[in-house]
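File shown here: protein-v6.txt, holding compact mmCIF, C-alpha atoms.
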```txt
# COMPACT_ATOMS: atom_id res chain seq x y z
CA MET A 1 241.94 229.65 -17.54
CA PRO A 2 241.48 231.51 -14.22
CA ALA A 3 244.62 232.41 -12.32
CA LEU A 4 245.49 230.06 -9.47
CA ASN A 5 245.08 231.75 -6.11
CA ILE A 6 247.41 230.02 -3.66
CA GLY A 7 246.71 232.54 -0.90
CA MET A 8 249.06 234.14 1.57
CA PRO A 9 250.98 231.96 4.00
CA LYS A 10 249.70 232.08 7.58
CA PRO A 11 252.19 234.13 9.60
CA GLN A 12 253.86 232.33 12.49
CA PRO A 13 253.11 233.84 15.90
CA VAL A 14 255.92 235.97 17.28
CA THR A 15 257.53 234.54 20.43
CA LEU A 16 260.15 236.04 22.71
CA ALA A 17 262.71 233.26 22.22
CA PRO A 18 263.04 229.88 20.52
CA ARG A 19 262.02 226.90 22.63
CA ARG A 20 264.86 225.19 24.46
CA LYS A 21 265.80 221.86 22.85
CA SER A 22 264.51 219.29 25.31
CA ARG A 23 264.07 215.54 25.19
CA GLN A 24 260.52 214.45 24.38
CA ILE A 25 258.59 212.04 26.56
CA ARG A 26 255.03 210.76 26.55
CA VAL A 27 252.48 211.21 29.32
CA GLY A 28 249.74 208.96 28.06
CA LYS A 29 248.49 210.54 24.84
CA VAL A 30 250.20 213.87 25.55
CA LEU A 31 253.71 214.56 24.30
CA VAL A 32 255.88 216.67 26.59
CA GLY A 33 259.11 218.33 25.49
CA GLY A 34 260.75 218.58 22.09
CA ASP A 35 258.51 220.45 19.68
CA ALA A 36 255.28 219.52 21.49
CA PRO A 37 253.11 222.43 22.66
CA VAL A 38 253.54 223.48 26.27
CA SER A 39 250.89 221.52 28.14
CA VAL A 40 248.75 222.65 31.09
CA GLN A 41 248.29 220.53 34.19
CA SER A 42 246.23 220.73 37.35
CA MET A 43 245.48 218.54 40.34
CA THR A 44 242.20 217.27 41.75
CA THR A 45 241.09 218.46 45.18
CA THR A 46 238.58 215.69 45.84
CA PRO A 47 239.44 212.68 48.04
CA THR A 48 240.80 210.22 45.50
CA PRO A 49 238.82 207.24 46.91
CA ASN A 50 235.62 209.18 46.10
CA ILE A 51 235.86 207.98 42.53
CA ASN A 52 232.71 209.65 41.21
CA ALA A 53 233.62 213.06 42.63
CA THR A 54 237.18 212.76 41.36
CA LEU A 55 236.06 211.78 37.87
CA GLN A 56 233.54 214.63 37.86
CA GLN A 57 236.28 217.11 38.71
CA ILE A 58 238.54 215.61 36.04
CA ALA A 59 235.70 216.05 33.53
CA GLU A 60 235.40 219.74 34.52
CA LEU A 61 239.15 220.18 34.13
CA THR A 62 239.06 218.49 30.74
CA ALA A 63 236.28 220.81 29.58
CA SER A 64 238.30 223.84 30.72
CA GLY A 65 241.26 222.84 28.53
CA CYS A 66 243.44 220.88 30.99
CA ASP A 67 245.85 218.49 29.23
CA ILE A 68 247.06 216.36 32.15
CA VAL A 69 245.64 215.83 35.65
CA ARG A 70 247.35 214.73 38.85
CA VAL A 71 245.64 212.91 41.73
CA ALA A 72 246.93 212.55 45.29
CA VAL A 73 247.85 209.06 46.50
CA PRO A 74 248.77 209.33 50.19
CA SER A 75 247.06 206.09 51.32
CA ARG A 76 246.16 202.54 50.32
CA ASP A 77 242.55 203.59 49.66
CA ASP A 78 243.81 206.19 47.18
CA ALA A 79 245.99 203.63 45.41
CA GLU A 80 243.07 201.20 45.15
CA ALA A 81 240.95 203.84 43.41
CA LEU A 82 243.52 204.48 40.66
CA PRO A 83 242.60 201.70 38.18
CA ILE A 84 239.07 203.03 37.65
CA ILE A 85 240.13 206.68 37.60
CA ALA A 86 242.98 206.04 35.14
CA LYS A 87 240.69 204.04 32.87
CA LYS A 88 237.76 206.46 32.82
CA SER A 89 239.61 209.79 32.71
CA GLN A 90 239.61 211.46 29.29
CA ILE A 91 243.02 212.99 29.93
CA PRO A 92 246.21 211.32 31.22
CA VAL A 93 246.34 210.76 34.97
CA ILE A 94 249.49 211.23 37.04
CA ALA A 95 249.67 209.62 40.47
CA ASP A 96 251.23 211.93 43.07
CA ILE A 97 253.33 209.80 45.43
CA HIS A 98 254.98 210.83 48.69
CA PHE A 99 256.52 208.74 51.46
CA GLN A 100 255.43 205.27 50.30
CA PRO A 101 257.33 203.81 47.32
CA ASN A 102 254.91 200.88 47.24
CA TYR A 103 252.26 203.22 45.85
CA VAL A 104 254.55 203.97 42.90
CA TYR A 105 254.27 200.35 41.81
CA ALA A 106 250.53 200.34 42.50
CA ALA A 107 250.09 203.42 40.24
CA ILE A 108 252.09 201.79 37.46
CA ASP A 109 250.01 198.61 37.71
CA ALA A 110 246.80 200.70 37.77
CA GLY A 111 247.51 202.11 34.30
CA CYS A 112 248.36 205.67 35.28
CA ALA A 113 250.08 207.59 32.50
CA ALA A 114 252.83 208.85 34.81
CA VAL A 115 253.95 208.95 38.42
CA ARG A 116 255.25 211.98 40.30
CA VAL A 117 257.85 211.08 42.92
CA ASN A 118 259.41 213.45 45.44
CA PRO A 119 262.88 212.09 46.31
CA GLY A 120 263.15 214.36 49.34
CA ASN A 121 260.42 212.65 51.35
CA ILE A 122 260.63 209.02 50.22
CA ARG A 123 262.88 207.23 52.70
CA LYS A 124 265.95 205.74 51.04
CA PHE A 125 264.52 206.71 47.65
CA ASP A 126 267.85 206.23 45.90
CA ASP A 127 267.69 202.52 46.72
CA GLN A 128 264.31 202.28 44.99
CA VAL A 129 265.29 203.87 41.67
CA LYS A 130 266.36 200.69 39.87
CA GLN A 131 263.11 198.87 40.56
CA ILE A 132 260.97 201.93 39.79
CA ALA A 133 262.82 202.43 36.50
CA GLU A 134 262.40 198.78 35.48
CA ARG A 135 258.69 198.68 36.30
CA ALA A 136 257.94 202.04 34.66
CA LYS A 137 259.91 201.17 31.54
CA ALA A 138 258.13 197.85 31.12
CA ALA A 139 254.73 199.54 31.44
CA GLY A 140 255.52 202.56 29.25
CA VAL A 141 254.92 204.91 32.18
CA SER A 142 256.86 208.17 32.52
CA ILE A 143 258.10 209.72 35.76
CA ARG A 144 258.27 213.24 37.14
CA ILE A 145 261.13 213.87 39.51
CA GLY A 146 259.47 216.52 41.65
CA VAL A 147 261.95 218.38 43.84
CA ASN A 148 260.27 220.77 46.27
CA ALA A 149 261.74 223.48 48.48
CA GLY A 150 259.51 222.38 51.36
CA SER A 151 260.67 218.75 51.27
CA LEU A 152 264.28 218.88 50.17
CA ASP A 153 266.63 216.03 51.05
CA PRO A 154 267.98 216.72 54.60
CA ARG A 155 271.53 216.13 53.36
CA LEU A 156 271.20 219.05 50.95
CA LEU A 157 269.59 221.29 53.54
CA GLU A 158 272.56 220.64 55.78
CA LYS A 159 274.97 221.39 52.94
CA TYR A 160 273.36 224.63 51.69
CA GLY A 161 271.58 225.82 54.81
CA LYS A 162 268.26 226.27 53.02
CA ALA A 163 266.50 225.47 49.76
CA THR A 164 268.69 227.55 47.43
CA PRO A 165 268.50 227.25 43.63
CA GLU A 166 271.74 225.29 43.73
CA ALA A 167 270.35 222.87 46.32
CA LEU A 168 267.20 222.22 44.30
CA VAL A 169 269.19 221.63 41.13
CA GLU A 170 271.73 219.36 42.82
CA SER A 171 268.91 217.16 44.09
CA ALA A 172 267.25 216.99 40.67
CA VAL A 173 270.44 216.28 38.74
CA TRP A 174 271.47 213.55 41.18
CA GLU A 175 268.14 211.74 40.91
CA ALA A 176 268.13 212.13 37.13
CA SER A 177 271.56 210.52 36.97
CA LEU A 178 270.31 207.54 38.99
CA PHE A 179 267.43 206.91 36.57
CA GLU A 180 269.77 207.32 33.59
CA GLU A 181 272.21 204.81 35.11
CA HIS A 182 269.42 202.26 34.75
CA ASP A 183 268.77 203.31 31.14
CA PHE A 184 265.52 205.06 32.01
CA HIS A 185 265.06 208.40 30.25
CA ASP A 186 261.29 208.91 30.17
CA PHE A 187 261.15 211.50 32.92
CA LYS A 188 260.66 215.22 33.37
CA ILE A 189 261.89 217.35 36.24
CA SER A 190 260.50 220.12 38.41
CA VAL A 191 262.36 222.25 40.98
CA LYS A 192 259.59 224.20 42.68
CA HIS A 193 259.87 227.00 45.19
CA ASN A 194 257.34 229.47 46.59
CA ASP A 195 259.60 232.43 45.75
CA PRO A 196 259.38 233.20 42.02
CA VAL A 197 262.92 234.62 41.97
CA VAL A 198 264.47 231.50 43.50
CA MET A 199 262.30 229.32 41.26
CA VAL A 200 263.42 231.15 38.11
CA GLN A 201 267.07 230.89 39.09
CA ALA A 202 266.71 227.15 39.78
CA TYR A 203 265.10 226.40 36.41
CA ARG A 204 267.70 228.45 34.57
CA LEU A 205 270.47 226.44 36.24
CA LEU A 206 268.68 223.17 35.58
CA ALA A 207 268.10 224.01 31.90
CA GLU A 208 271.86 224.41 31.47
CA ARG A 209 272.64 221.01 32.97
CA GLY A 210 270.75 218.71 30.62
CA ASP A 211 268.05 218.30 27.99
CA TRP A 212 265.37 216.95 30.32
CA PRO A 213 261.83 218.24 29.75
CA LEU A 214 260.92 220.65 32.54
CA HIS A 215 257.66 221.00 34.44
CA LEU A 216 257.25 224.59 35.68
CA GLY A 217 255.57 225.51 38.93
CA VAL A 218 255.65 228.05 41.75
CA THR A 219 254.70 225.87 44.69
CA GLU A 220 252.31 227.13 47.37
CA ALA A 221 251.81 230.24 45.26
CA GLY A 222 248.90 231.39 47.43
CA PRO A 223 245.31 232.66 46.95
CA ALA A 224 244.01 233.28 43.44
CA PHE A 225 245.19 236.87 42.98
CA GLN A 226 248.61 236.49 44.59
CA GLY A 227 249.21 233.07 43.05
CA THR A 228 248.25 234.28 39.60
CA ILE A 229 250.71 237.18 39.80
CA LYS A 230 253.54 235.01 41.11
CA SER A 231 252.97 232.27 38.54
CA ALA A 232 252.51 234.68 35.63
CA THR A 233 255.71 236.50 36.59
CA ALA A 234 257.84 233.37 36.91
CA PHE A 235 256.34 231.56 33.92
CA GLY A 236 256.53 234.68 31.78
CA ILE A 237 260.26 235.00 32.44
CA LEU A 238 261.08 231.33 31.85
CA LEU A 239 258.75 230.64 28.93
CA GLY A 240 259.87 233.93 27.41
CA GLU A 241 263.40 232.50 27.47
CA GLY A 242 262.21 229.24 25.89
CA ILE A 243 262.42 227.26 29.14
CA GLY A 244 259.49 225.03 30.11
CA ASP A 245 257.56 222.16 28.55
CA THR A 246 254.54 221.75 30.82
CA ILE A 247 253.11 223.98 33.56
CA ARG A 248 250.90 223.87 36.63
CA VAL A 249 249.62 227.07 38.23
CA SER A 250 249.25 226.30 41.94
CA LEU A 251 246.42 228.34 43.46
CA SER A 252 244.39 228.18 46.64
CA ALA A 253 241.36 228.13 44.38
CA PRO A 254 239.27 225.60 42.41
CA PRO A 255 241.53 223.69 40.00
CA VAL A 256 239.61 224.92 36.95
CA GLU A 257 240.89 228.40 37.81
CA GLU A 258 244.46 227.06 37.66
CA VAL A 259 243.84 225.85 34.12
CA LYS A 260 242.29 229.15 33.04
CA VAL A 261 245.28 231.09 34.32
CA GLY A 262 247.75 228.66 32.74
CA LEU A 263 246.08 228.88 29.36
CA GLN A 264 245.96 232.66 29.55
CA ILE A 265 249.68 232.79 30.26
CA LEU A 266 250.45 230.58 27.27
CA GLN A 267 248.14 232.54 24.98
CA SER A 268 249.64 235.84 26.10
CA LEU A 269 253.10 234.54 25.13
CA ASN A 270 251.81 233.21 21.78
CA LEU A 271 252.56 229.66 22.92
CA ARG A 272 248.91 228.75 22.40
CA GLU A 273 246.63 230.13 19.72
CA ARG A 274 244.73 233.10 21.10
CA LYS A 275 241.00 232.48 21.32
CA LEU A 276 238.27 234.94 22.26
CA GLU A 277 240.07 238.14 23.30
CA ILE A 278 238.21 241.09 24.80
CA VAL A 279 240.21 244.32 24.43
CA SER A 280 238.85 247.13 26.61
CA CYS A 281 240.14 250.47 27.80
CA PRO A 282 240.57 251.25 31.52
CA SER A 283 238.45 254.39 31.10
CA CYS A 284 239.55 257.92 31.88
CA GLY A 285 238.23 261.46 31.96
CA ARG A 286 237.78 261.40 28.18
CA ALA A 287 235.16 258.62 28.28
CA GLN A 288 231.68 259.74 27.35
CA VAL A 289 230.00 256.38 27.99
CA ASP A 290 230.01 253.92 30.91
CA VAL A 291 233.03 251.87 29.78
CA TYR A 292 233.10 249.72 32.92
CA SER A 293 229.55 248.46 32.41
CA LEU A 294 230.00 248.03 28.66
CA ALA A 295 233.13 245.92 29.02
CA GLU A 296 231.69 243.87 31.87
CA ASN A 297 228.41 243.16 30.05
CA VAL A 298 230.08 242.30 26.74
CA THR A 299 232.51 239.98 28.53
CA GLU A 300 229.66 238.27 30.36
CA GLY A 301 227.62 237.94 27.19
CA LEU A 302 230.47 236.31 25.28
CA GLN A 303 231.78 233.98 28.00
CA GLY A 304 230.31 230.97 26.22
CA MET A 305 232.10 231.79 22.99
CA SER A 306 235.51 230.23 22.37
CA VAL A 307 236.40 230.90 18.73
CA PRO A 308 239.48 232.98 17.82
CA LEU A 309 237.85 236.41 17.88
CA ARG A 310 239.21 239.79 19.01
CA VAL A 311 236.54 242.16 20.33
CA ALA A 312 237.43 245.77 21.25
CA VAL A 313 235.24 247.73 23.67
CA MET A 314 236.52 251.30 23.66
CA GLY A 315 235.22 254.36 25.48
CA CYS A 316 236.48 257.44 23.64
CA VAL A 317 237.49 258.84 20.25
CA VAL A 318 241.24 259.00 20.98
CA ASN A 319 242.24 255.33 20.86
CA GLY A 320 238.79 253.91 20.26
CA PRO A 321 238.53 253.97 16.45
CA GLY A 322 242.04 252.62 15.97
CA GLU A 323 241.60 249.71 18.39
CA ALA A 324 238.11 248.93 17.08
CA ARG A 325 239.37 248.98 13.48
CA GLU A 326 242.20 246.56 14.28
CA ALA A 327 239.89 244.06 16.00
CA ASP A 328 237.58 241.55 14.31
CA LEU A 329 234.70 243.31 16.00
CA GLY A 330 234.66 246.50 18.03
CA VAL A 331 232.95 249.62 19.22
CA ALA A 332 234.32 253.17 19.48
CA SER A 333 232.04 255.06 21.83
CA GLY A 334 231.28 258.71 22.50
CA ASN A 335 228.41 261.12 23.14
CA GLY A 336 226.13 258.30 24.30
CA LYS A 337 226.48 256.22 21.14
CA GLY A 338 228.91 253.83 19.53
CA GLN A 339 230.29 253.10 16.07
CA ILE A 340 230.31 249.34 15.44
CA PHE A 341 233.29 248.06 13.46
CA VAL A 342 233.47 244.65 11.74
CA LYS A 343 236.78 243.70 10.17
CA GLY A 344 237.90 247.34 10.14
CA GLN A 345 234.72 248.79 8.61
CA VAL A 346 231.98 250.81 10.32
CA ILE A 347 228.72 248.93 9.77
CA LYS A 348 226.40 251.02 11.92
CA THR A 349 226.09 253.54 14.74
CA VAL A 350 223.88 252.63 17.68
CA PRO A 351 222.83 254.31 20.93
CA GLU A 352 224.75 253.35 24.08
CA SER A 353 221.81 251.23 25.29
CA GLU A 354 222.16 248.97 22.21
CA ILE A 355 225.95 248.57 22.10
CA VAL A 356 226.15 245.37 24.15
CA ALA A 357 223.33 243.59 22.33
CA THR A 358 224.74 244.64 18.95
CA LEU A 359 228.25 243.39 19.74
CA ILE A 360 226.93 240.05 21.01
CA GLU A 361 224.74 239.66 17.93
CA GLU A 362 227.61 240.44 15.55
CA ALA A 363 230.01 238.19 17.47
CA ASN A 364 227.59 235.27 17.17
CA ARG A 365 227.14 235.97 13.46
CA ILE A 366 230.93 235.97 12.89
CA ALA A 367 231.29 232.77 14.94
CA ASP A 368 228.59 231.07 12.86
CA GLU A 369 230.39 232.06 9.67
CA MET A 370 233.59 230.50 11.02
CA GLY A 371 231.77 227.17 11.26
CA PRO A 372 231.90 224.27 13.72
CA GLY A 373 235.52 223.50 12.85
CA ALA A 374 236.80 226.76 14.34
CA PRO A 375 239.34 226.31 17.14
CA THR A 376 238.02 226.59 20.67
CA GLY A 377 239.54 227.76 23.91
CA THR A 378 239.08 230.04 26.90
CA PRO A 379 238.35 233.78 26.68
CA GLU A 380 241.11 236.29 27.35
CA ILE A 381 240.44 239.81 28.63
CA VAL A 382 242.98 242.52 27.92
CA THR A 383 242.83 246.13 29.15
CA VAL A 384 244.57 248.74 27.00
```

Now that the file is in, can you turn its structure into structure tokens?
Amino acid sequence: MPALNIGMPKPQPVTLAPRRKSRQIRVGKVLVGGDAPVSVQSMTTTPTPNINATLQQIAELTASGCDIVRVAVPSRDDAEALPIIAKKSQIPVIADIHFQPNYVYAAIDAGCAAVRVNPGNIRKFDDQVKQIAERAKAAGVSIRIGVNAGSLDPRLLEKYGKATPEALVESAVWEASLFEEHDFHDFKISVKHNDPVVMVQAYRLLAERGDWPLHLGVTEAGPAFQGTIKSATAFGILLGEGIGDTIRVSLSAPPVEEVKVGLQILQSLNLRERKLEIVSCPSCGRAQVDVYSLAENVTEGLQGMSVPLRVAVMGCVVNGPGEAREADLGVASGNGKGQIFVKGQVIKTVPESEIVATLIEEANRIADEMGPGAPTGTPEIVTV
């Protein structure tokens, strides 16, 4: 009788800290908090009443890996578009409400998965909490209490002088207590600020005050480069400490870019399974091939691939062989040629002009062997 091969257990990814124990809520089909994966959100930029354009953008976000989408509802026309958008979207839709509490009820009736409310700019919001809680609870709709530095309650601005971490947290905790007084617990909280340091301090304070699920965001983070750095810095600190259950990267850029950055942050922290990962060296005086062009062309050639595959594109014999050997697929280059590694073994040596085509061919072969059931996701590019 042949020996039974039970295989080796799959190692758990290493994370910087255990996840904070938070209450779990539901945003449509997506669980937020508890042991649910950290979800990625974005927001449409189309006029919400333009239903076709909004649904098209939601479809693009869905394809990019977005878990939850938020749409702006500043007017009656926006509110009237919600039933169709909520019904046809493939991912849960959150209605973003400011100023008019009537639109909160309209979003609930429209079938939105959740409603974001900003207590700081809804007049006499505290008087509306009981009715909002009752309507949301009856419909199975969750709420996000979205406290923002730019629209903090005037009473707190007067007390603290500006939007300090303490002011943001006091606002959030107060509103949370009002919902809980009415036996409504299906809400998450955000305390956003455009300064990553203030934002981090606010979320740390808030995490100590209760077990609410937390939505992370650096508000008005800026253009793509600046906003990516600010968000990655703040999210890296908080998620590295186990704080955060869902995230939105706010960029002055197309919303799909927000999702790409958010997923990359989670993958880099091992909070999402890493997908296609291109490891390339920054080049130096030791390089004997055009590393910049090699890395750029390999990255471009594999952009459509989204299986969990690590590809190393290395330019010299110092770190090249080691990095290429550790990757699923790699090249260690020198003297105008490259050694191609697959799963740690050299399979061939090719001239520099054939390196890109060979890597793409081998990557496609490996992906085919993994089969259609292989996990998918967005590529990650790492420079070593």

Distance criterion (all atoms listed in the file): nearest to Gly336 (chain A) out of A:Ala81, A:Val129, A:Cys316, A:Ile108: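 Closest candidate: A:Cys316.
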
Residues within 8 Å of (247.6, 215.4, 36.9), counting all atoms listed in the file, listed as a PDB file with C-alpha atoms, keeping the file's coordinate frame:
```pdb
ATOM      1  CA  GLN A  41     248.290 220.530  34.190  1.00  0.00           C
ATOM      2  CA  SER A  42     246.230 220.730  37.350  1.00  0.00           C
ATOM      3  CA  MET A  43     245.480 218.540  40.340  1.00  0.00           C
ATOM      4  CA  THR A  44     242.200 217.270  41.750  1.00  0.00           C
ATOM      5  CA  ILE A  68     247.060 216.360  32.150  1.00  0.00           C
ATOM      6  CA  VAL A  69     245.640 215.830  35.650  1.00  0.00           C
ATOM      7  CA  ARG A  70     247.350 214.730  38.850  1.00  0.00           C
ATOM      8  CA  VAL A  71     245.640 212.910  41.730  1.00  0.00           C
ATOM      9  CA  PRO A  92     246.210 211.320  31.220  1.00  0.00           C
ATOM     10  CA  VAL A  93     246.340 210.760  34.970  1.00  0.00           C
ATOM     11  CA  ILE A  94     249.490 211.230  37.040  1.00  0.00           C
ATOM     12  CA  ALA A  95     249.670 209.620  40.470  1.00  0.00           C
ATOM     13  CA  ASP A  96     251.230 211.930  43.070  1.00  0.00           C
TER      14      ASP A  96
END
```

Would you mind reading off the distance between CA of Val317 (chain A) and CA of Ile366 (chain A), one decimal, in Å?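 That distance, rounded to one decimal, is 24.9 Å.
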
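Of the listed residues A:Val291, A:Ala107, A:Ile97, A:Ala172, the one whose atoms come nearest to Glu352 (chain A) is A:Val291, with distances taken using all atoms listed in the file.
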
Could you check how far CA of Ile189 (chain A) sits from CA of Asp67 (chain A), in Å to one decimal?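 We find that CA of Ile189 (chain A) and CA of Asp67 (chain A) lie 17.5 Å from each other.
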
Distance of CA of Val38 (chain A) from CA of Phe187 (chain A), expressed in Å to one decimal place: 15.7 Å

Find the residues near Ile132 (chain A): any atom within 12 Å, counting only C-alpha atoms, skip ones fewer than 2 places away on the same chain, and give them as a PyMOL selection string. chain A and resi 101-109+114-117+125-130+134-145+178-179+182-184+186-187
